[in-house]
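Dropping data_0.cif in here (mmCIF, C-alpha atoms):
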```
data_input
loop_
_atom_site.group_PDB
_atom_site.id
_atom_site.type_symbol
_atom_site.label_atom_id
_atom_site.label_comp_id
_atom_site.auth_asym_id
_atom_site.auth_seq_id
_atom_site.Cartn_x
_atom_site.Cartn_y
_atom_site.Cartn_z
ATOM 1 C CA GLY A 5 -17.961 -12.329 -31.702
ATOM 2 C CA ARG A 6 -18.367 -8.633 -32.473
ATOM 3 C CA TYR A 7 -14.605 -8.182 -32.634
ATOM 4 C CA ILE A 8 -14.243 -11.056 -35.142
ATOM 5 C CA PHE A 9 -17.138 -9.667 -37.211
ATOM 6 C CA ILE A 10 -15.468 -6.247 -37.474
ATOM 7 C CA ILE A 11 -12.099 -7.767 -38.441
ATOM 8 C CA SER A 12 -13.781 -9.890 -41.123
ATOM 9 C CA LEU A 13 -15.633 -6.882 -42.516
ATOM 10 C CA ILE A 14 -12.422 -4.849 -42.712
ATOM 11 C CA PHE A 15 -10.539 -7.525 -44.636
ATOM 12 C CA SER A 16 -13.446 -8.302 -46.978
ATOM 13 C CA GLY A 17 -13.971 -4.605 -47.797
ATOM 14 C CA LEU A 18 -10.300 -3.935 -48.481
ATOM 15 C CA LEU A 19 -9.951 -7.159 -50.502
ATOM 16 C CA THR A 20 -12.966 -6.235 -52.639
ATOM 17 C CA GLY A 21 -11.467 -2.834 -53.383
ATOM 18 C CA LEU A 22 -8.079 -4.301 -54.319
ATOM 19 C CA LEU A 23 -9.593 -6.920 -56.624
ATOM 20 C CA ARG A 24 -11.892 -4.467 -58.430
ATOM 21 C CA GLY A 25 -9.629 -1.409 -58.771
ATOM 22 C CA PHE A 26 -6.071 -2.091 -57.665
ATOM 23 C CA ARG A 27 -4.545 1.327 -58.477
ATOM 24 C CA LEU A 28 -7.302 3.329 -56.807
ATOM 25 C CA ALA A 29 -7.386 0.962 -53.837
ATOM 26 C CA LEU A 30 -3.625 1.216 -53.454
ATOM 27 C CA VAL A 31 -3.854 4.998 -53.160
ATOM 28 C CA LEU A 32 -6.655 4.726 -50.606
ATOM 29 C CA VAL A 33 -4.894 2.034 -48.592
ATOM 30 C CA SER A 34 -1.841 4.303 -48.278
ATOM 31 C CA THR A 35 -3.820 6.373 -45.773
ATOM 32 C CA ALA A 36 -4.774 3.341 -43.688
ATOM 33 C CA PRO A 37 -1.802 3.737 -41.278
ATOM 34 C CA LEU A 38 -3.079 7.195 -40.348
ATOM 35 C CA VAL A 39 -6.556 5.780 -39.709
ATOM 36 C CA ILE A 40 -5.081 3.045 -37.535
ATOM 37 C CA ILE A 41 -2.924 5.534 -35.618
ATOM 38 C CA ALA A 42 -5.958 7.723 -34.956
ATOM 39 C CA SER A 43 -7.944 4.719 -33.724
ATOM 40 C CA LEU A 44 -5.085 3.635 -31.454
ATOM 41 C CA LEU A 45 -4.837 7.125 -29.984
ATOM 42 C CA ILE A 46 -8.547 7.093 -29.149
ATOM 43 C CA GLY A 47 -8.306 3.615 -27.635
ATOM 44 C CA ARG A 48 -5.250 4.516 -25.585
ATOM 45 C CA GLY A 49 -6.902 7.634 -24.183
ATOM 46 C CA MET A 50 -10.107 5.817 -23.252
ATOM 47 C CA ARG A 51 -8.224 2.899 -21.711
ATOM 48 C CA GLN A 52 -6.098 5.145 -19.508
ATOM 49 C CA MET A 53 -9.119 7.201 -18.531
ATOM 50 C CA MET A 54 -11.160 4.152 -17.465
ATOM 51 C CA PHE A 55 -8.249 2.655 -15.541
ATOM 52 C CA TYR A 56 -7.568 5.897 -13.670
ATOM 53 C CA ILE A 57 -11.265 6.518 -12.903
ATOM 54 C CA ARG A 58 -11.587 3.041 -11.409
ATOM 55 C CA LYS A 59 -8.399 3.507 -9.398
ATOM 56 C CA VAL A 60 -9.430 6.857 -7.907
ATOM 57 C CA TYR A 61 -13.038 5.790 -7.262
ATOM 58 C CA ALA A 62 -11.721 2.716 -5.446
ATOM 59 C CA LYS A 63 -9.678 4.982 -3.155
ATOM 60 C CA ALA A 64 -12.633 7.310 -2.560
ATOM 61 C CA GLY A 65 -14.918 4.341 -1.949
ATOM 62 C CA GLY A 66 -12.406 2.927 0.527
ATOM 63 C CA VAL A 67 -12.458 6.177 2.499
ATOM 64 C CA ALA A 68 -16.266 6.204 2.540
ATOM 65 C CA GLU A 69 -16.494 2.523 3.500
ATOM 66 C CA GLU A 70 -13.992 2.845 6.339
ATOM 67 C CA THR A 71 -15.703 5.979 7.643
ATOM 68 C CA LEU A 72 -19.154 4.383 7.628
ATOM 69 C CA ASN A 73 -17.905 1.146 9.194
ATOM 70 C CA ASN A 74 -16.255 3.110 12.000
ATOM 71 C CA VAL A 75 -18.759 5.936 12.252
ATOM 72 C CA LYS A 76 -18.767 5.845 16.066
ATOM 73 C CA THR A 77 -15.011 6.186 16.226
ATOM 74 C CA VAL A 78 -15.016 8.953 13.625
ATOM 75 C CA SER A 79 -17.686 10.834 15.552
ATOM 76 C CA ALA A 80 -15.897 10.339 18.864
ATOM 77 C CA PHE A 81 -12.725 11.931 17.510
ATOM 78 C CA GLN A 82 -14.579 14.584 15.493
ATOM 79 C CA GLY A 83 -13.115 13.155 12.302
ATOM 80 C CA GLN A 84 -16.049 13.888 9.989
ATOM 81 C CA LYS A 85 -14.358 16.849 8.336
ATOM 82 C CA VAL A 86 -11.133 14.891 7.797
ATOM 83 C CA ALA A 87 -13.048 12.026 6.169
ATOM 84 C CA ILE A 88 -15.052 14.388 3.939
ATOM 85 C CA ASP A 89 -11.933 16.298 2.897
ATOM 86 C CA SER A 90 -10.130 13.045 2.080
ATOM 87 C CA TYR A 91 -13.111 11.839 0.012
ATOM 88 C CA ASN A 92 -13.402 15.149 -1.830
ATOM 89 C CA GLU A 93 -9.659 15.196 -2.503
ATOM 90 C CA HIS A 94 -9.924 11.920 -4.397
ATOM 91 C CA LEU A 95 -12.950 13.155 -6.366
ATOM 92 C CA VAL A 96 -11.201 16.407 -7.342
ATOM 93 C CA GLU A 97 -8.184 14.400 -8.490
ATOM 94 C CA CYS A 98 -10.503 12.188 -10.563
ATOM 95 C CA ARG A 99 -12.256 15.222 -12.070
ATOM 96 C CA ASP A 100 -9.031 16.928 -13.140
ATOM 97 C CA ASN A 101 -7.559 13.824 -14.726
ATOM 98 C CA THR A 102 -10.857 12.924 -16.413
ATOM 99 C CA ILE A 103 -10.996 16.357 -18.047
ATOM 100 C CA THR A 104 -7.432 15.894 -19.321
ATOM 101 C CA SER A 105 -8.291 12.435 -20.649
ATOM 102 C CA PHE A 106 -11.418 13.695 -22.412
ATOM 103 C CA ILE A 107 -9.394 16.439 -24.103
ATOM 104 C CA TRP A 108 -6.947 13.798 -25.351
ATOM 105 C CA VAL A 109 -9.755 11.516 -26.573
ATOM 106 C CA ASN A 110 -11.591 14.315 -28.391
ATOM 107 C CA LEU A 111 -8.423 15.594 -30.066
ATOM 108 C CA SER A 112 -7.712 12.038 -31.216
ATOM 109 C CA PHE A 113 -11.277 11.719 -32.498
ATOM 110 C CA GLY A 114 -10.950 15.006 -34.403
ATOM 111 C CA PHE A 115 -7.714 13.770 -35.967
ATOM 112 C CA SER A 116 -9.481 10.531 -36.937
ATOM 113 C CA MET A 117 -12.301 12.428 -38.677
ATOM 114 C CA PHE A 118 -9.788 14.635 -40.500
ATOM 115 C CA VAL A 119 -7.963 11.555 -41.798
ATOM 116 C CA ASN A 120 -11.238 9.982 -42.964
ATOM 117 C CA PHE A 121 -12.428 13.027 -44.919
ATOM 118 C CA ALA A 122 -8.945 13.659 -46.328
ATOM 119 C CA THR A 123 -8.938 10.059 -47.558
ATOM 120 C CA TYR A 124 -12.307 10.537 -49.244
ATOM 121 C CA ALA A 125 -11.063 13.723 -50.938
ATOM 122 C CA LEU A 126 -7.916 11.958 -52.158
ATOM 123 C CA GLY A 127 -9.979 9.028 -53.435
ATOM 124 C CA PHE A 128 -12.428 11.188 -55.393
ATOM 125 C CA TYR A 129 -9.603 13.245 -56.866
ATOM 126 C CA TYR A 130 -7.592 10.245 -58.047
ATOM 127 C CA ALA A 131 -10.713 8.495 -59.338
ATOM 128 C CA SER A 132 -11.539 11.547 -61.473
ATOM 129 C CA VAL A 133 -7.990 11.464 -62.898
ATOM 130 C CA LEU A 134 -8.307 7.772 -63.772
ATOM 131 C CA LEU A 135 -11.665 8.325 -65.491
ATOM 132 C CA GLU A 136 -10.584 11.444 -67.340
ATOM 133 C CA ASP A 137 -7.321 9.911 -68.629
ATOM 134 C CA GLU A 138 -9.078 6.589 -69.382
ATOM 135 C CA GLU A 139 -6.404 4.686 -67.503
ATOM 136 C CA GLU A 140 -6.270 0.903 -67.666
ATOM 137 C CA ASN A 141 -7.660 -1.014 -64.706
ATOM 138 C CA TRP A 142 -4.971 -3.550 -63.831
ATOM 139 C CA SER A 143 -7.519 -5.768 -62.107
ATOM 140 C CA THR A 144 -9.832 -6.168 -65.139
ATOM 141 C CA GLY A 145 -7.516 -5.259 -68.045
ATOM 142 C CA GLU A 146 -10.018 -2.671 -69.281
ATOM 143 C CA LYS A 147 -10.400 1.065 -68.822
ATOM 144 C CA TYR A 148 -11.655 2.375 -65.512
ATOM 145 C CA ASP A 149 -15.394 3.026 -65.458
ATOM 146 C CA VAL A 150 -17.750 4.438 -62.851
ATOM 147 C CA GLY A 151 -18.640 0.948 -61.596
ATOM 148 C CA ASP A 152 -14.998 0.169 -60.838
ATOM 149 C CA VAL A 153 -14.553 3.456 -59.010
ATOM 150 C CA VAL A 154 -17.740 3.095 -56.946
ATOM 151 C CA THR A 155 -17.058 -0.560 -56.031
ATOM 152 C CA THR A 156 -13.455 0.129 -55.106
ATOM 153 C CA PHE A 157 -14.228 3.295 -53.194
ATOM 154 C CA PHE A 158 -17.096 1.908 -51.147
ATOM 155 C CA GLY A 159 -15.269 -1.356 -50.553
ATOM 156 C CA PHE A 160 -12.468 0.666 -49.023
ATOM 157 C CA VAL A 161 -14.908 2.934 -47.165
ATOM 158 C CA MET A 162 -16.693 -0.091 -45.721
ATOM 159 C CA GLY A 163 -13.411 -1.669 -44.661
ATOM 160 C CA SER A 164 -11.654 1.413 -43.299
ATOM 161 C CA GLY A 165 -14.867 2.693 -41.736
ATOM 162 C CA MET A 166 -14.848 -0.314 -39.455
ATOM 163 C CA LEU A 167 -11.416 0.547 -38.073
ATOM 164 C CA PRO A 168 -12.775 3.038 -35.488
ATOM 165 C CA LEU A 169 -15.275 0.382 -34.366
ATOM 166 C CA ILE A 170 -12.332 -1.736 -33.308
ATOM 167 C CA VAL A 171 -11.796 0.929 -30.667
ATOM 168 C CA THR A 172 -15.287 0.270 -29.273
ATOM 169 C CA SER A 173 -14.638 -3.439 -29.062
ATOM 170 C CA ARG A 174 -11.176 -2.868 -27.703
ATOM 171 C CA LYS A 175 -12.687 -0.548 -25.088
ATOM 172 C CA MET A 176 -14.800 -3.415 -23.775
ATOM 173 C CA ILE A 177 -11.729 -5.617 -23.616
ATOM 174 C CA SER A 178 -9.751 -2.776 -22.025
ATOM 175 C CA ASP A 179 -12.464 -2.267 -19.402
ATOM 176 C CA ALA A 180 -12.236 -5.930 -18.509
ATOM 177 C CA GLN A 181 -8.437 -5.723 -18.400
ATOM 178 C CA ALA A 182 -8.536 -2.607 -16.219
ATOM 179 C CA SER A 183 -10.926 -4.343 -13.824
ATOM 180 C CA ALA A 184 -8.822 -7.484 -13.824
ATOM 181 C CA VAL A 185 -5.691 -5.557 -12.799
ATOM 182 C CA LYS A 186 -7.010 -4.971 -9.273
ATOM 183 C CA VAL A 187 -8.191 -8.581 -9.017
ATOM 184 C CA PHE A 188 -4.778 -9.954 -9.990
ATOM 185 C CA GLN A 189 -3.074 -7.490 -7.658
ATOM 186 C CA VAL A 190 -5.068 -8.965 -4.786
ATOM 187 C CA ILE A 191 -4.371 -12.520 -5.951
ATOM 188 C CA ASP A 192 -0.632 -11.862 -6.343
ATOM 189 C CA SER A 193 -0.262 -9.725 -3.210
ATOM 190 C CA VAL A 194 1.825 -11.044 -0.332
ATOM 191 C CA GLU A 195 0.131 -11.013 3.050
ATOM 192 C CA LYS A 196 1.756 -8.608 5.462
ATOM 193 C CA VAL A 197 0.899 -10.889 8.372
ATOM 194 C CA GLN A 198 2.896 -14.092 7.827
ATOM 195 C CA ARG A 199 3.223 -17.312 9.834
ATOM 196 C CA THR A 200 6.870 -17.564 10.854
ATOM 197 C CA SER A 201 6.524 -20.909 12.609
ATOM 198 C CA GLY A 202 5.420 -22.774 9.502
ATOM 199 C CA LEU A 203 2.518 -24.338 11.429
ATOM 200 C CA ASP A 204 -1.097 -24.108 10.377
ATOM 201 C CA PRO A 205 -3.481 -23.767 13.345
ATOM 202 C CA ILE A 206 -6.124 -25.746 11.449
ATOM 203 C CA THR A 207 -4.239 -28.663 9.901
ATOM 204 C CA ASP A 208 -1.527 -28.885 12.592
ATOM 205 C CA ILE A 209 -3.771 -28.571 15.645
ATOM 206 C CA SER A 210 -2.367 -31.809 17.112
ATOM 207 C CA HIS A 211 1.224 -30.523 16.940
ATOM 208 C CA PRO A 212 2.966 -30.487 20.368
ATOM 209 C CA ASP A 213 3.679 -26.758 20.039
ATOM 210 C CA PHE A 214 -0.060 -26.082 19.982
ATOM 211 C CA LYS A 215 -0.888 -28.513 22.785
ATOM 212 C CA SER A 216 1.651 -26.853 25.049
ATOM 213 C CA LEU A 217 0.340 -23.352 24.501
ATOM 214 C CA GLY A 218 -0.433 -21.481 27.672
ATOM 215 C CA GLY A 219 0.784 -18.755 29.941
ATOM 216 C CA GLU A 220 0.330 -15.040 30.162
ATOM 217 C CA VAL A 221 -0.529 -12.602 27.368
ATOM 218 C CA GLN A 222 1.836 -9.650 27.496
ATOM 219 C CA PHE A 223 1.898 -6.372 25.574
ATOM 220 C CA ASP A 224 5.273 -4.640 25.719
ATOM 221 C CA LYS A 225 5.279 -1.008 24.567
ATOM 222 C CA VAL A 226 2.910 -1.735 21.689
ATOM 223 C CA SER A 227 2.074 1.115 19.307
ATOM 224 C CA PHE A 228 -0.364 0.713 16.427
ATOM 225 C CA SER A 229 -2.281 2.678 13.818
ATOM 226 C CA TYR A 230 -4.468 1.247 11.077
ATOM 227 C CA PRO A 231 -2.849 1.015 7.616
ATOM 228 C CA THR A 232 -5.446 3.331 6.086
ATOM 229 C CA ARG A 233 -5.052 5.940 8.854
ATOM 230 C CA LYS A 234 -1.361 6.063 9.686
ATOM 231 C CA ASP A 235 -1.702 9.597 11.068
ATOM 232 C CA ALA A 236 -4.156 8.490 13.784
ATOM 233 C CA ALA A 237 -2.433 6.389 16.454
ATOM 234 C CA VAL A 238 -4.818 3.972 18.197
ATOM 235 C CA LEU A 239 -2.328 2.555 20.702
ATOM 236 C CA LYS A 240 0.756 4.328 22.033
ATOM 237 C CA SER A 241 3.393 2.346 23.976
ATOM 238 C CA LEU A 242 0.743 0.126 25.574
ATOM 239 C CA SER A 243 2.078 -2.364 28.125
ATOM 240 C CA PHE A 244 0.152 -4.850 30.292
ATOM 241 C CA CYS A 245 0.181 -8.504 31.256
ATOM 242 C CA ILE A 246 -2.732 -10.923 31.621
ATOM 243 C CA GLU A 247 -1.852 -13.991 33.649
ATOM 244 C CA ASN A 248 -2.972 -17.485 32.681
ATOM 245 C CA GLY A 249 -6.547 -18.028 33.897
ATOM 246 C CA GLN A 250 -7.003 -14.396 34.867
ATOM 247 C CA ARG A 251 -10.229 -12.677 33.825
ATOM 248 C CA VAL A 252 -9.757 -9.143 32.588
ATOM 249 C CA GLY A 253 -12.244 -6.559 31.399
ATOM 250 C CA ILE A 254 -11.066 -3.913 28.928
ATOM 251 C CA VAL A 255 -13.046 -0.716 29.414
ATOM 252 C CA GLY A 256 -12.842 2.565 27.540
ATOM 253 C CA GLU A 257 -14.641 5.049 25.389
ATOM 254 C CA THR A 258 -15.366 4.476 21.725
ATOM 255 C CA GLY A 259 -12.172 4.515 19.682
ATOM 256 C CA SER A 260 -9.853 3.931 22.623
ATOM 257 C CA GLY A 261 -8.549 0.652 21.157
ATOM 258 C CA LYS A 262 -10.528 -2.103 22.911
ATOM 259 C CA SER A 263 -11.345 -4.017 19.709
ATOM 260 C CA THR A 264 -7.889 -3.228 18.345
ATOM 261 C CA ILE A 265 -6.237 -5.079 21.244
ATOM 262 C CA ILE A 266 -8.243 -8.223 20.435
ATOM 263 C CA GLN A 267 -7.449 -7.897 16.733
ATOM 264 C CA LEU A 268 -3.747 -7.628 17.514
ATOM 265 C CA ILE A 269 -3.878 -10.728 19.718
ATOM 266 C CA GLU A 270 -5.648 -12.581 16.896
ATOM 267 C CA ARG A 271 -3.016 -11.215 14.444
ATOM 268 C CA PHE A 272 -5.474 -9.533 12.148
ATOM 269 C CA TYR A 273 -2.756 -6.871 12.236
ATOM 270 C CA ASP A 274 0.838 -6.651 13.465
ATOM 271 C CA PRO A 275 1.883 -3.806 15.799
ATOM 272 C CA ASP A 276 3.912 -0.929 14.377
ATOM 273 C CA SER A 277 6.339 -1.234 17.276
ATOM 274 C CA GLY A 278 6.679 -3.241 20.465
ATOM 275 C CA SER A 279 5.891 -6.918 20.922
ATOM 276 C CA ILE A 280 3.023 -9.190 21.914
ATOM 277 C CA THR A 281 3.912 -12.487 23.581
ATOM 278 C CA PHE A 282 1.819 -15.500 24.485
ATOM 279 C CA GLY A 283 3.415 -17.790 27.027
ATOM 280 C CA GLY A 284 6.681 -15.953 26.513
ATOM 281 C CA VAL A 285 6.620 -16.540 22.737
ATOM 282 C CA ASP A 286 6.308 -13.609 20.374
ATOM 283 C CA ILE A 287 3.141 -14.248 18.369
ATOM 284 C CA SER A 288 4.626 -12.666 15.244
#
```
What would the structure in this file look like if it were written as structure tokens?
Amino acid sequence: GRYIFIISLIFSGLLTGLLRGFRLALVLVSTAPLVIIASLLIGRGMRQMMFYIRKVYAKAGGVAEETLNNVKTVSAFQGQKVAIDSYNEHLVECRDNTITSFIWVNLSFGFSMFVNFATYALGFYYASVLLEDEEENWSTGEKYDVGDVVTTFFGFVMGSGMLPLIVTSRKMISDAQASAVKVFQVIDSVEKVQRTSGLDPITDISHPDFKSLGGEVQFDKVSFSYPTRKDAAVLKSLSFCIENGQRVGIVGETGSGKSTIIQLIERFYDPDSGSITFGGVDIS
């Protein structure tokens, strides 16, 4: 609604100026492209800044969330400093790029103000020429008077003055677009863990392939590290076999990979190398 209101005000102001004092309005309108360019520069700078801030904060937040969710593991491996350094690295990157973006936005805003005041100066100068030379007003067929100049000038000022406000409205739309980018990326992303058999364990539970499942669970030289921490290997060439019906207890210190083994069997993740078989069938 606000965006439509601003657009309507711009067109009504410019139309009023053109109908009341065409020659003066024509001179003023000639500067409109510069006003629009200045507004676009401001909008572009703010849009890029908001998108980048959200992107970097998402990365920093991901580091913090993962660290807090696995605080025992981080403490066990003395990884506090690594997590803090990674978090600070993202914040420093955000700070540097935000400063650059603010410089761009403020330079664009300064250019916008220069264009506005230059337009006012041009308008007053040309209006004084029209009044002094008693030029004919093409819109009314009479000589220009102060009323024509004031109506035309302020009609244009009202219309062109709303142009920067489009940036504010566009910023709201841009914020929504920047936020929507990550949402659509998730929606359009392809799962790394795919079903290769084409069977759904929920809808196809009665399928013979599911009824015949059984046998040993075997890890063959399985290596794995979490996607967000590729430099920290959780499992290295792990091999073992659990026979059908055998009860096994997995024991180890915090961070040794006990939960990871279960997650790999459930295919929350796929191993980086090696294979996991169930009844002689590779689960991937």
Practice task
Might you pull out every residue within 9 Å of A:Lys225, with only C-alpha atoms counted and same-chain residues fewer than 2 positions away left off, and present them as a PyMOL selection string?
Solution key: chain A and resi 223+227+240-244+277-280
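When all atoms listed in the file are used to measure the gap to A:Glu140, the shortest distance among A:Gly66, A:Asn120, A:Met176, A:Arg27 belongs to A:Arg27.
Atom CA of A:Phe55 is positioned 14.2 Å from atom CA of A:Phe188.
Residue membership of the PyMOL selection byres ((chain A and resi 165) around 10) in the shown file amounts to Ile10, Leu13, Ile14, Gly17, Val39, Asn120, Phe158, Gly159, Phe160, Val161, Met162, Gly163, Ser164, Met166, Leu167, Pro168, Leu169 and Ile170 of chain A.
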Decode the PyMOL selection byres ((chain A and resi 48-52) around 9) for the given file into explicit residues and return them as a compact mmCIF listing (two decimals) with C-alpha atoms, keeping the file's coordinate frame.
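The resulting file, part-v4.txt, is shown below:
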```txt
# COMPACT_ATOMS: atom_id res chain seq x y z
CA SER A 43 -7.94 4.72 -33.72
CA LEU A 44 -5.08 3.64 -31.45
CA LEU A 45 -4.84 7.12 -29.98
CA ILE A 46 -8.55 7.09 -29.15
CA GLY A 47 -8.31 3.62 -27.64
CA MET A 53 -9.12 7.20 -18.53
CA MET A 54 -11.16 4.15 -17.46
CA PHE A 55 -8.25 2.66 -15.54
CA TYR A 56 -7.57 5.90 -13.67
CA ILE A 57 -11.26 6.52 -12.90
CA SER A 105 -8.29 12.44 -20.65
CA PHE A 106 -11.42 13.70 -22.41
CA TRP A 108 -6.95 13.80 -25.35
CA VAL A 109 -9.76 11.52 -26.57
CA SER A 112 -7.71 12.04 -31.22
CA ARG A 174 -11.18 -2.87 -27.70
CA LYS A 175 -12.69 -0.55 -25.09
CA SER A 178 -9.75 -2.78 -22.02
CA ASP A 179 -12.46 -2.27 -19.40
CA ALA A 182 -8.54 -2.61 -16.22
```
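Coordinates place atom CA of A:Glu70 at a distance of 13.6 Å from atom CA of A:Ala236.
Note that atom CA of A:Cys245 and atom CA of A:Thr281 are 9.4 Å apart.
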Practice task
With a distance cut-off of 12 Å and all atoms listed in the file, select the neighbouring residues of A:Pro231, excluding the residue or stretch itself and same-chain residues fewer than 4 positions from it, and output the selection as a PyMOL selection string.
Solution key: chain A and resi 70+196+235-238+272-276
Practice task
Determine the residue set returned by the PyMOL selection byres ((chain A and resi 28) around 12) for the present structure, and present it as a ChimeraX atom specification.
Solution key: /A:18,20-27,29-35,123-124,126-135,139-143,148-149,152-160
Practice task
Please identify all polymer residues within 10 Å of stretch 75-84 of chain A, counting all atoms listed in the file, omitting same-chain residues fewer than 2 positions from it, and present them as a PyMOL selection string.
Solution key: chain A and resi 69-73+86-90+236+257-261
Handout entry: Selected residue of minimal separation from A:Glu270 among A:Ala180, A:Val221, A:Cys98, A:Ile246, counting all atoms listed in the file
Key = A:Val221
Exercise for the section: Within 9 Å of stretch 247-255 of chain A, counting all atoms listed in the file, which residues show up once you throw out same-chain ones fewer than 3 positions away? Write them as a PyMOL selection string, please. Expected result: chain A and resi 218-222+260+262+283
